[in-house]
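A.B. asks: Once you've had a glance at the structure underneath, I'll fire off some questions.
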Amino acid sequence: MTILETIIIAIVEGLTEFLPVSSTGHMVITQNLLGVESTVFVKAFTFIIQFGAILSVVVLYWKRFFRLNQTPAPEGASAFKKFLHKYDFYWKLFVAFIPAAVFGLLFSDAIDAMLESVTVVAVTLILGGIFMLFCDKIFNKGSDKTELTEKRAFNIGLFQCISMIPGVSRSMATIVGGMSQKLTRKNAAEFSFFLAVPTMLAATMFKMIGLITDEASFNVLKENLDILLIGNAVAFIVAMLAIKFFISFVTKYGFKAFGWYRIIIGAIILLMLMTGHNLTIV
């Protein structure tokens, strides 16, 4: 993979990671259009550069991300309850993270297999786009007063599992999950960003461990360290810009524009496949 290909794929990752359009799907498509061979390293690269994207969330929201609950714990609460009360924000992130962690470990091979298919990406882009045209009407506007309970956090985590199908979009699944739990679009989007940190960090570490523990892969990793550093740096910068744009846009206009975008891109891909263009990963 060349430096130029690295930068292009990282830009796509940064732009799409926090938008409800599927970053994985877009990177699969971009790899095909660039003619990048889907090696073990390239597959790992698409996960590892997510670290740059999640770092942008920590930097942009550092005051809210590094916070403890300063309100008094309920009277008569046990020591454990007091601990959970103090670390309430992190506890609910962990609760929301659990379903994806379990699902990912159980079905990692099936998920990797689906990453090989551009057809799967195209179909899920279209289906997700159709849903997004109506999701604002399906889920009534939430309230800023809605409390994010453990149950609501877990339910959002269940929605996140759907995003393991390439083309669905982790951002779309968790935002819709948040709206289904009566959160506002803005609050659902922000919790989606926060939830991305443990989820994507775990995925990145999982891929890194797989590379490090295999001698051949570890040598490839060392040889391409500059590629990984450039990819993370570019994804970090672009993701910061994308997050600021998305929060402002979705609060004002909702999800219809993203829905139409998904449908158009998915339809173009299917049309190219049906007319004999080879978009299958080599």
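A note on labels: chains of the structure tokens are A, B, ... as shown, every chain counts residues from 1, and ligands are counted from 1 in their shown order.
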Write out as a compact mmCIF listing (two decimals) with N, CA and C atoms, in the first residue's frame the residues lying within 12 Å of region 124-136 of chain A, counting only C-alpha atoms and excluding same-chain residues fewer than 4 positions away.

C.D. replies:
```
# COMPACT_ATOMS: atom_id res chain seq x y z
N PRO A 20 -23.47 8.33 9.81
CA PRO A 20 -24.27 7.09 9.68
C PRO A 20 -24.26 6.54 8.27
N VAL A 21 -23.06 6.36 7.70
CA VAL A 21 -22.97 5.90 6.31
C VAL A 21 -22.09 4.67 6.16
N SER A 22 -21.52 4.15 7.25
CA SER A 22 -20.69 2.96 7.28
C SER A 22 -19.26 3.22 6.82
N SER A 23 -18.37 3.41 7.77
CA SER A 23 -16.95 3.63 7.45
C SER A 23 -16.34 2.36 6.87
N THR A 24 -16.70 1.20 7.43
CA THR A 24 -16.17 -0.07 6.92
C THR A 24 -16.57 -0.27 5.47
N GLY A 25 -17.84 -0.02 5.18
CA GLY A 25 -18.32 -0.17 3.81
C GLY A 25 -17.59 0.75 2.85
N HIS A 26 -17.38 1.99 3.26
CA HIS A 26 -16.71 2.95 2.40
C HIS A 26 -15.23 2.60 2.20
N ILE A 29 -15.07 -0.26 -0.30
CA ILE A 29 -15.28 0.27 -1.65
C ILE A 29 -14.04 1.01 -2.14
N MET A 114 -17.83 -11.58 5.75
CA MET A 114 -18.73 -10.61 5.12
C MET A 114 -17.97 -9.40 4.59
N SER A 117 -17.27 -9.14 0.82
CA SER A 117 -18.32 -8.97 -0.17
C SER A 117 -18.76 -7.51 -0.32
N VAL A 118 -18.51 -6.94 -1.49
CA VAL A 118 -18.98 -5.60 -1.79
C VAL A 118 -20.50 -5.61 -1.96
N THR A 119 -21.06 -6.74 -2.40
CA THR A 119 -22.51 -6.85 -2.57
C THR A 119 -23.22 -6.68 -1.24
N VAL A 120 -22.70 -7.29 -0.19
CA VAL A 120 -23.28 -7.14 1.15
C VAL A 120 -23.28 -5.67 1.55
N ASN A 140 -40.11 9.33 17.91
CA ASN A 140 -40.48 10.70 18.25
C ASN A 140 -39.30 11.40 18.91
N LYS A 141 -39.30 12.72 18.85
CA LYS A 141 -38.20 13.47 19.43
C LYS A 141 -38.05 13.15 20.92
N GLY A 142 -36.82 12.87 21.31
CA GLY A 142 -36.55 12.56 22.71
C GLY A 142 -36.50 13.82 23.55
N ILE A 162 -25.71 -4.86 15.53
CA ILE A 162 -26.18 -4.91 14.15
C ILE A 162 -25.12 -4.33 13.21
N SER A 163 -24.35 -3.37 13.72
CA SER A 163 -23.38 -2.67 12.88
C SER A 163 -22.20 -3.54 12.48
N MET A 164 -22.10 -4.75 13.02
CA MET A 164 -21.01 -5.64 12.63
C MET A 164 -21.22 -6.21 11.23
N ILE A 165 -22.41 -6.03 10.69
CA ILE A 165 -22.66 -6.36 9.29
C ILE A 165 -22.12 -5.20 8.46
N PRO A 166 -21.14 -5.42 7.58
CA PRO A 166 -20.56 -4.33 6.79
C PRO A 166 -21.61 -3.55 6.02
N GLY A 167 -21.54 -2.23 6.11
CA GLY A 167 -22.48 -1.37 5.41
C GLY A 167 -23.59 -0.84 6.30
N VAL A 168 -23.78 -1.43 7.48
CA VAL A 168 -24.86 -0.97 8.37
C VAL A 168 -24.50 0.37 8.99
N SER A 169 -23.28 0.52 9.51
CA SER A 169 -22.77 1.71 10.18
C SER A 169 -22.99 1.63 11.68
N ARG A 170 -21.86 1.60 12.40
CA ARG A 170 -21.90 1.59 13.86
C ARG A 170 -22.56 2.86 14.39
N SER A 171 -22.24 3.97 13.75
CA SER A 171 -22.82 5.25 14.16
C SER A 171 -24.34 5.25 14.00
N MET A 172 -24.82 4.79 12.83
CA MET A 172 -26.26 4.75 12.60
C MET A 172 -26.95 3.84 13.61
N ALA A 173 -26.39 2.66 13.83
CA ALA A 173 -27.04 1.69 14.71
C ALA A 173 -27.14 2.22 16.14
N ILE A 175 -26.90 5.44 17.19
CA ILE A 175 -27.73 6.66 17.27
C ILE A 175 -29.20 6.28 17.25
N VAL A 176 -29.57 5.38 16.34
CA VAL A 176 -30.96 4.90 16.29
C VAL A 176 -31.30 4.21 17.61
N GLY A 177 -30.35 3.43 18.14
CA GLY A 177 -30.56 2.79 19.43
C GLY A 177 -30.82 3.81 20.52
N GLY A 178 -30.07 4.91 20.51
CA GLY A 178 -30.27 5.96 21.50
C GLY A 178 -31.62 6.64 21.34
N MET A 179 -32.02 6.89 20.10
CA MET A 179 -33.32 7.52 19.85
C MET A 179 -34.46 6.60 20.26
N SER A 180 -34.26 5.30 20.09
CA SER A 180 -35.29 4.34 20.51
C SER A 180 -35.46 4.33 22.03
N LYS A 182 -35.45 7.10 23.75
CA LYS A 182 -36.00 8.42 24.06
C LYS A 182 -34.94 9.50 24.25
N THR A 184 -32.52 12.51 22.69
CA THR A 184 -32.60 13.42 21.55
C THR A 184 -31.56 13.00 20.51
N ARG A 185 -31.71 13.50 19.29
CA ARG A 185 -30.74 13.18 18.24
C ARG A 185 -29.33 13.57 18.67
N VAL A 250 -27.03 17.16 11.96
CA VAL A 250 -28.09 16.23 12.34
C VAL A 250 -29.06 16.87 13.34
N THR A 251 -28.58 17.78 14.19
CA THR A 251 -29.46 18.47 15.13
C THR A 251 -30.48 19.32 14.39
N LYS A 252 -30.04 19.95 13.30
CA LYS A 252 -30.93 20.84 12.55
C LYS A 252 -31.80 20.10 11.54
N TYR A 253 -31.21 19.13 10.83
CA TYR A 253 -31.89 18.57 9.66
C TYR A 253 -32.26 17.08 9.76
N GLY A 254 -31.77 16.37 10.76
CA GLY A 254 -32.11 14.96 10.88
C GLY A 254 -31.28 14.10 9.93
N PHE A 255 -31.82 12.93 9.55
CA PHE A 255 -31.03 11.91 8.86
C PHE A 255 -31.38 11.69 7.39
N LYS A 256 -32.36 12.42 6.85
CA LYS A 256 -32.81 12.14 5.49
C LYS A 256 -31.70 12.27 4.46
N ALA A 257 -30.87 13.29 4.58
CA ALA A 257 -29.80 13.50 3.60
C ALA A 257 -28.83 12.31 3.59
N PHE A 258 -28.54 11.79 4.77
CA PHE A 258 -27.65 10.62 4.86
C PHE A 258 -28.33 9.38 4.28
N GLY A 259 -29.65 9.30 4.48
CA GLY A 259 -30.41 8.18 3.92
C GLY A 259 -30.34 8.17 2.40
N TRP A 260 -30.58 9.32 1.78
CA TRP A 260 -30.52 9.40 0.32
C TRP A 260 -29.12 9.12 -0.19
N TYR A 261 -28.11 9.62 0.54
CA TYR A 261 -26.72 9.37 0.14
C TYR A 261 -26.43 7.87 0.12
N ARG A 262 -26.84 7.17 1.18
CA ARG A 262 -26.61 5.72 1.27
C ARG A 262 -27.29 4.99 0.10
N ILE A 263 -28.53 5.37 -0.19
CA ILE A 263 -29.29 4.71 -1.25
C ILE A 263 -28.60 4.91 -2.60
N ILE A 264 -28.17 6.14 -2.88
CA ILE A 264 -27.52 6.45 -4.16
C ILE A 264 -26.21 5.68 -4.32
N ILE A 265 -25.37 5.72 -3.27
CA ILE A 265 -24.08 5.03 -3.34
C ILE A 265 -24.28 3.52 -3.49
N GLY A 266 -25.20 2.96 -2.70
CA GLY A 266 -25.47 1.52 -2.78
C GLY A 266 -25.99 1.11 -4.14
N ALA A 267 -26.88 1.93 -4.72
CA ALA A 267 -27.46 1.64 -6.03
C ALA A 267 -26.39 1.70 -7.13
N ILE A 268 -25.49 2.68 -7.04
CA ILE A 268 -24.41 2.79 -8.03
C ILE A 268 -23.51 1.55 -7.99
N ILE A 269 -23.20 1.09 -6.79
CA ILE A 269 -22.35 -0.09 -6.64
C ILE A 269 -23.03 -1.32 -7.23
N LEU A 270 -24.31 -1.52 -6.91
CA LEU A 270 -25.04 -2.66 -7.45
C LEU A 270 -25.11 -2.59 -8.97
```

A.B. asks: For Pro198 (chain A), list every protein, DNA or RNA residue within 12 Å, evaluated using only C-alpha atoms, and leave out those in the same chain fewer than 2 positions away; present the list as a PDB file with N, CA and C atoms, in the first residue's frame.

C.D. replies:
```
ATOM      1  N   GLN A  50      -8.577   3.217  13.155  1.00  0.00           N
ATOM      2  CA  GLN A  50      -9.708   3.699  13.946  1.00  0.00           C
ATOM      3  C   GLN A  50      -9.232   4.339  15.246  1.00  0.00           C
ATOM      4  N   PHE A  51      -8.018   3.968  15.686  1.00  0.00           N
ATOM      5  CA  PHE A  51      -7.475   4.566  16.902  1.00  0.00           C
ATOM      6  C   PHE A  51      -7.356   6.077  16.747  1.00  0.00           C
ATOM      7  N   ILE A  54     -10.913   7.545  17.127  1.00  0.00           N
ATOM      8  CA  ILE A  54     -11.455   7.590  18.491  1.00  0.00           C
ATOM      9  C   ILE A  54     -10.691   8.594  19.352  1.00  0.00           C
ATOM     10  N   LEU A  55      -9.432   8.824  19.039  1.00  0.00           N
ATOM     11  CA  LEU A  55      -8.666   9.824  19.774  1.00  0.00           C
ATOM     12  C   LEU A  55      -9.271  11.209  19.577  1.00  0.00           C
ATOM     13  N   VAL A  57     -12.407  11.903  19.429  1.00  0.00           N
ATOM     14  CA  VAL A  57     -13.526  12.023  20.371  1.00  0.00           C
ATOM     15  C   VAL A  57     -13.012  12.425  21.754  1.00  0.00           C
ATOM     16  N   VAL A  58     -11.956  11.772  22.197  1.00  0.00           N
ATOM     17  CA  VAL A  58     -11.380  12.061  23.513  1.00  0.00           C
ATOM     18  C   VAL A  58     -10.893  13.504  23.581  1.00  0.00           C
ATOM     19  N   PHE A  65     -15.504  13.542  28.858  1.00  0.00           N
ATOM     20  CA  PHE A  65     -15.066  12.155  28.872  1.00  0.00           C
ATOM     21  C   PHE A  65     -14.337  11.801  30.161  1.00  0.00           C
ATOM     22  N   TYR A  90     -18.610   5.903  33.084  1.00  0.00           N
ATOM     23  CA  TYR A  90     -17.807   4.804  32.575  1.00  0.00           C
ATOM     24  C   TYR A  90     -18.522   3.463  32.732  1.00  0.00           C
ATOM     25  N   TRP A  91     -19.275   3.322  33.808  1.00  0.00           N
ATOM     26  CA  TRP A  91     -20.022   2.090  34.029  1.00  0.00           C
ATOM     27  C   TRP A  91     -21.056   1.875  32.925  1.00  0.00           C
ATOM     28  N   LYS A  92     -21.773   2.934  32.555  1.00  0.00           N
ATOM     29  CA  LYS A  92     -22.788   2.805  31.509  1.00  0.00           C
ATOM     30  C   LYS A  92     -22.156   2.585  30.139  1.00  0.00           C
ATOM     31  N   LEU A  93     -20.979   3.168  29.913  1.00  0.00           N
ATOM     32  CA  LEU A  93     -20.254   2.872  28.671  1.00  0.00           C
ATOM     33  C   LEU A  93     -19.885   1.394  28.623  1.00  0.00           C
ATOM     34  N   PHE A  94     -19.444   0.860  29.752  1.00  0.00           N
ATOM     35  CA  PHE A  94     -19.064  -0.552  29.822  1.00  0.00           C
ATOM     36  C   PHE A  94     -20.272  -1.452  29.574  1.00  0.00           C
ATOM     37  N   VAL A  95     -21.403  -1.109  30.191  1.00  0.00           N
ATOM     38  CA  VAL A  95     -22.633  -1.887  30.010  1.00  0.00           C
ATOM     39  C   VAL A  95     -23.042  -1.896  28.540  1.00  0.00           C
ATOM     40  N   ALA A  96     -22.939  -0.734  27.880  1.00  0.00           N
ATOM     41  CA  ALA A  96     -23.305  -0.645  26.465  1.00  0.00           C
ATOM     42  C   ALA A  96     -22.311  -1.383  25.575  1.00  0.00           C
ATOM     43  N   PHE A  97     -21.078  -1.499  26.034  1.00  0.00           N
ATOM     44  CA  PHE A  97     -20.017  -2.153  25.261  1.00  0.00           C
ATOM     45  C   PHE A  97     -20.130  -3.677  25.292  1.00  0.00           C
ATOM     46  N   ILE A  98     -20.674  -4.247  26.367  1.00  0.00           N
ATOM     47  CA  ILE A  98     -20.696  -5.701  26.581  1.00  0.00           C
ATOM     48  C   ILE A  98     -21.293  -6.482  25.405  1.00  0.00           C
ATOM     49  N   ALA A 100     -21.534  -5.949  22.160  1.00  0.00           N
ATOM     50  CA  ALA A 100     -20.652  -5.985  20.991  1.00  0.00           C
ATOM     51  C   ALA A 100     -19.410  -6.819  21.265  1.00  0.00           C
ATOM     52  N   ALA A 101     -18.886  -6.747  22.488  1.00  0.00           N
ATOM     53  CA  ALA A 101     -17.704  -7.527  22.842  1.00  0.00           C
ATOM     54  C   ALA A 101     -17.994  -9.021  22.737  1.00  0.00           C
ATOM     55  N   GLY A 157     -26.359  -0.848  23.317  1.00  0.00           N
ATOM     56  CA  GLY A 157     -25.299  -1.798  23.005  1.00  0.00           C
ATOM     57  C   GLY A 157     -25.781  -2.928  22.117  1.00  0.00           C
ATOM     58  N   PHE A 191     -23.547  10.130  22.665  1.00  0.00           N
ATOM     59  CA  PHE A 191     -23.291   8.859  23.354  1.00  0.00           C
ATOM     60  C   PHE A 191     -22.715   7.837  22.370  1.00  0.00           C
ATOM     61  N   SER A 192     -23.142   7.912  21.112  1.00  0.00           N
ATOM     62  CA  SER A 192     -22.576   7.041  20.085  1.00  0.00           C
ATOM     63  C   SER A 192     -21.082   7.286  19.933  1.00  0.00           C
ATOM     64  N   PHE A 193     -20.681   8.569  19.979  1.00  0.00           N
ATOM     65  CA  PHE A 193     -19.264   8.904  19.896  1.00  0.00           C
ATOM     66  C   PHE A 193     -18.501   8.337  21.089  1.00  0.00           C
ATOM     67  N   PHE A 194     -19.069   8.516  22.288  1.00  0.00           N
ATOM     68  CA  PHE A 194     -18.403   8.024  23.500  1.00  0.00           C
ATOM     69  C   PHE A 194     -18.269   6.499  23.466  1.00  0.00           C
ATOM     70  N   LEU A 195     -19.334   5.831  23.027  1.00  0.00           N
ATOM     71  CA  LEU A 195     -19.331   4.373  22.975  1.00  0.00           C
ATOM     72  C   LEU A 195     -18.326   3.859  21.946  1.00  0.00           C
ATOM     73  N   ALA A 196     -18.025   4.683  20.949  1.00  0.00           N
ATOM     74  CA  ALA A 196     -17.047   4.285  19.941  1.00  0.00           C
ATOM     75  C   ALA A 196     -15.666   4.067  20.554  1.00  0.00           C
ATOM     76  N   MET A 200     -14.165   0.621  19.527  1.00  0.00           N
ATOM     77  CA  MET A 200     -13.158   0.651  18.478  1.00  0.00           C
ATOM     78  C   MET A 200     -11.760   0.394  19.025  1.00  0.00           C
ATOM     79  N   LEU A 201     -11.532   0.793  20.275  1.00  0.00           N
ATOM     80  CA  LEU A 201     -10.236   0.499  20.897  1.00  0.00           C
ATOM     81  C   LEU A 201     -10.062  -1.003  21.066  1.00  0.00           C
ATOM     82  N   ALA A 202     -11.137  -1.686  21.476  1.00  0.00           N
ATOM     83  CA  ALA A 202     -11.087  -3.139  21.635  1.00  0.00           C
ATOM     84  C   ALA A 202     -10.837  -3.819  20.287  1.00  0.00           C
ATOM     85  N   ALA A 203     -11.521  -3.349  19.228  1.00  0.00           N
ATOM     86  CA  ALA A 203     -11.333  -3.925  17.899  1.00  0.00           C
ATOM     87  C   ALA A 203      -9.907  -3.712  17.412  1.00  0.00           C
ATOM     88  N   THR A 204      -9.379  -2.516  17.669  1.00  0.00           N
ATOM     89  CA  THR A 204      -8.004  -2.206  17.267  1.00  0.00           C
ATOM     90  C   THR A 204      -7.007  -3.093  18.000  1.00  0.00           C
ATOM     91  N   MET A 205      -7.187  -3.229  19.312  1.00  0.00           N
ATOM     92  CA  MET A 205      -6.272  -4.043  20.115  1.00  0.00           C
ATOM     93  C   MET A 205      -6.347  -5.513  19.708  1.00  0.00           C
ATOM     94  N   PHE A 206      -7.552  -5.983  19.393  1.00  0.00           N
ATOM     95  CA  PHE A 206      -7.736  -7.376  18.978  1.00  0.00           C
ATOM     96  C   PHE A 206      -6.934  -7.656  17.712  1.00  0.00           C
TER      97      PHE A 206
END
```

A.B. asks: Within region 52-251 of chain A, find each residue whose DSSP state, derived from the backbone, is helix (DSSP H, G or I), and express the selection as a PyMOL selection string.

C.D. replies: chain A and resi 52-60+62-65+79-86+88-106+108-114+118-138+150-162+170-180+185-212+215-223+225-251

A.B. asks: Include C-alpha atoms and write out the residues we just selected as a short mmCIF file (atom, residue, chain, number, x, y, z; two decimals), in the first residue's frame.

C.D. replies:
```
data_model
loop_
_atom_site.label_atom_id
_atom_site.label_comp_id
_atom_site.auth_asym_id
_atom_site.auth_seq_id
_atom_site.Cartn_x
_atom_site.Cartn_y
_atom_site.Cartn_z
CA GLY A 52 -6.85 7.96 15.32
CA ALA A 53 -10.57 8.49 14.89
CA ILE A 54 -11.45 7.59 18.49
CA LEU A 55 -8.67 9.82 19.77
CA SER A 56 -10.50 12.74 18.15
CA VAL A 57 -13.53 12.02 20.37
CA VAL A 58 -11.38 12.06 23.51
CA VAL A 59 -9.76 15.35 22.48
CA LEU A 60 -12.99 17.11 21.46
CA TRP A 62 -12.18 15.61 27.06
CA LYS A 63 -14.01 17.65 29.72
CA ARG A 64 -17.01 15.33 29.51
CA PHE A 65 -15.07 12.16 28.87
CA ALA A 79 -19.79 0.76 49.02
CA PHE A 80 -20.17 -0.91 45.61
CA LYS A 81 -23.21 1.23 44.76
CA LYS A 82 -21.30 4.34 45.79
CA PHE A 83 -18.44 3.27 43.52
CA LEU A 84 -20.80 2.77 40.56
CA HIS A 85 -22.45 6.11 41.31
CA LYS A 86 -19.11 7.92 41.23
CA ASP A 88 -21.52 6.27 36.51
CA PHE A 89 -20.44 7.52 33.07
CA TYR A 90 -17.81 4.80 32.57
CA TRP A 91 -20.02 2.09 34.03
CA LYS A 92 -22.79 2.80 31.51
CA LEU A 93 -20.25 2.87 28.67
CA PHE A 94 -19.06 -0.55 29.82
CA VAL A 95 -22.63 -1.89 30.01
CA ALA A 96 -23.31 -0.64 26.46
CA PHE A 97 -20.02 -2.15 25.26
CA ILE A 98 -20.70 -5.70 26.58
CA PRO A 99 -23.06 -6.94 23.79
CA ALA A 100 -20.65 -5.99 20.99
CA ALA A 101 -17.70 -7.53 22.84
CA VAL A 102 -19.50 -10.86 23.26
CA PHE A 103 -20.98 -10.85 19.76
CA GLY A 104 -17.67 -9.89 18.16
CA LEU A 105 -15.76 -12.70 19.88
CA LEU A 106 -18.37 -15.31 18.98
CA SER A 108 -15.45 -12.77 14.35
CA ASP A 109 -14.86 -15.27 11.51
CA ALA A 110 -18.31 -14.68 10.01
CA ILE A 111 -17.82 -10.92 10.25
CA ASP A 112 -14.45 -11.14 8.47
CA ALA A 113 -16.05 -13.26 5.75
CA MET A 114 -18.73 -10.61 5.12
CA VAL A 118 -18.98 -5.60 -1.79
CA THR A 119 -22.51 -6.85 -2.57
CA VAL A 120 -23.28 -7.14 1.15
CA VAL A 121 -22.03 -3.57 1.65
CA ALA A 122 -24.16 -2.23 -1.22
CA VAL A 123 -27.36 -3.96 -0.08
CA THR A 124 -27.00 -2.89 3.55
CA LEU A 125 -26.22 0.67 2.48
CA ILE A 126 -29.50 0.78 0.57
CA LEU A 127 -31.59 -0.90 3.27
CA GLY A 128 -30.09 1.32 5.97
CA GLY A 129 -30.67 4.38 3.79
CA ILE A 130 -34.36 3.54 3.31
CA PHE A 131 -34.72 3.15 7.07
CA MET A 132 -33.03 6.49 7.70
CA LEU A 133 -35.57 8.29 5.53
CA PHE A 134 -38.22 7.42 8.08
CA CYS A 135 -36.37 7.02 11.39
CA ASP A 136 -37.09 10.60 12.50
CA LYS A 137 -40.80 9.82 12.20
CA ILE A 138 -40.52 6.33 13.70
CA GLU A 150 -28.15 0.93 32.69
CA LYS A 151 -31.03 -0.74 30.85
CA ARG A 152 -31.09 1.96 28.16
CA ALA A 153 -27.29 1.76 27.80
CA PHE A 154 -27.47 -2.02 27.36
CA ASN A 155 -30.22 -1.69 24.76
CA ILE A 156 -28.10 0.77 22.80
CA GLY A 157 -25.30 -1.80 23.00
CA LEU A 158 -27.59 -4.40 21.45
CA PHE A 159 -28.25 -2.06 18.54
CA GLN A 160 -24.50 -1.68 18.10
CA CYS A 161 -24.21 -5.42 17.37
CA ILE A 162 -26.18 -4.91 14.15
CA ARG A 170 -21.90 1.59 13.86
CA SER A 171 -22.82 5.25 14.16
CA MET A 172 -26.26 4.75 12.60
CA ALA A 173 -27.04 1.69 14.71
CA THR A 174 -26.09 3.30 18.03
CA ILE A 175 -27.73 6.66 17.27
CA VAL A 176 -30.96 4.90 16.29
CA GLY A 177 -30.56 2.79 19.43
CA GLY A 178 -30.27 5.96 21.50
CA MET A 179 -33.32 7.52 19.85
CA SER A 180 -35.29 4.34 20.51
CA ARG A 185 -30.74 13.18 18.24
CA LYS A 186 -27.86 15.22 19.67
CA ASN A 187 -27.60 13.22 22.90
CA ALA A 188 -27.88 9.93 21.02
CA ALA A 189 -25.13 11.02 18.61
CA GLU A 190 -22.81 12.11 21.44
CA PHE A 191 -23.29 8.86 23.35
CA SER A 192 -22.58 7.04 20.09
CA PHE A 193 -19.26 8.90 19.90
CA PHE A 194 -18.40 8.02 23.50
CA LEU A 195 -19.33 4.37 22.98
CA ALA A 196 -17.05 4.29 19.94
CA VAL A 197 -14.01 4.71 22.22
CA PRO A 198 -14.13 1.35 24.07
CA THR A 199 -15.65 -0.47 21.09
CA MET A 200 -13.16 0.65 18.48
CA LEU A 201 -10.24 0.50 20.90
CA ALA A 202 -11.09 -3.14 21.64
CA ALA A 203 -11.33 -3.93 17.90
CA THR A 204 -8.00 -2.21 17.27
CA MET A 205 -6.27 -4.04 20.12
CA PHE A 206 -7.74 -7.38 18.98
CA LYS A 207 -6.27 -6.91 15.51
CA MET A 208 -2.96 -5.66 16.91
CA ILE A 209 -2.60 -8.72 19.17
CA GLY A 210 -3.28 -10.98 16.19
CA LEU A 211 -0.49 -9.28 14.25
CA ILE A 212 2.01 -9.17 17.13
CA GLU A 215 5.91 -13.67 13.66
CA ALA A 216 5.32 -13.14 9.94
CA SER A 217 2.56 -10.61 10.56
CA PHE A 218 4.65 -8.84 13.21
CA ASN A 219 7.46 -8.38 10.69
CA VAL A 220 4.97 -6.91 8.21
CA LEU A 221 3.73 -4.61 10.97
CA LYS A 222 7.24 -3.33 11.67
CA GLU A 223 7.91 -2.79 7.99
CA LEU A 225 4.88 1.25 10.87
CA ASP A 226 5.08 4.51 8.91
CA ILE A 227 1.88 3.57 7.06
CA LEU A 228 0.06 3.01 10.35
CA LEU A 229 1.29 6.30 11.85
CA ILE A 230 0.29 8.31 8.78
CA GLY A 231 -3.11 6.59 8.62
CA ASN A 232 -3.88 7.33 12.27
CA ALA A 233 -2.75 10.96 12.01
CA VAL A 234 -4.90 11.64 8.94
CA ALA A 235 -7.93 9.82 10.42
CA PHE A 236 -7.58 11.86 13.64
CA ILE A 237 -7.56 15.26 11.90
CA VAL A 238 -10.38 14.45 9.47
CA ALA A 239 -12.57 12.83 12.16
CA MET A 240 -12.41 15.97 14.32
CA LEU A 241 -13.81 18.02 11.46
CA ALA A 242 -16.45 15.41 10.62
CA ILE A 243 -17.73 15.23 14.22
CA LYS A 244 -18.23 18.99 14.44
CA PHE A 245 -20.09 19.02 11.14
CA PHE A 246 -22.27 16.01 11.95
CA ILE A 247 -23.53 17.22 15.35
CA SER A 248 -24.55 20.57 13.89
CA PHE A 249 -26.14 19.07 10.76
CA VAL A 250 -28.09 16.23 12.34
CA THR A 251 -29.46 18.47 15.13
#
```

A.B. asks: Rounded to one decimal in Å, what is the spacing between CA of Tyr61 (chain A) and CA of Val28 (chain A)?

C.D. replies: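 Result for CA of Tyr61 (chain A) versus CA of Val28 (chain A): 29.1 Å, one decimal.
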
A.B. asks: For CA of Phe41 (chain A) and CA of Thr6 (chain A), determine how far apart the two atoms are, in Å to one decimal place.

C.D. replies: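 About the pair CA of Phe41 (chain A) and CA of Thr6 (chain A): they are 12.2 Å apart.
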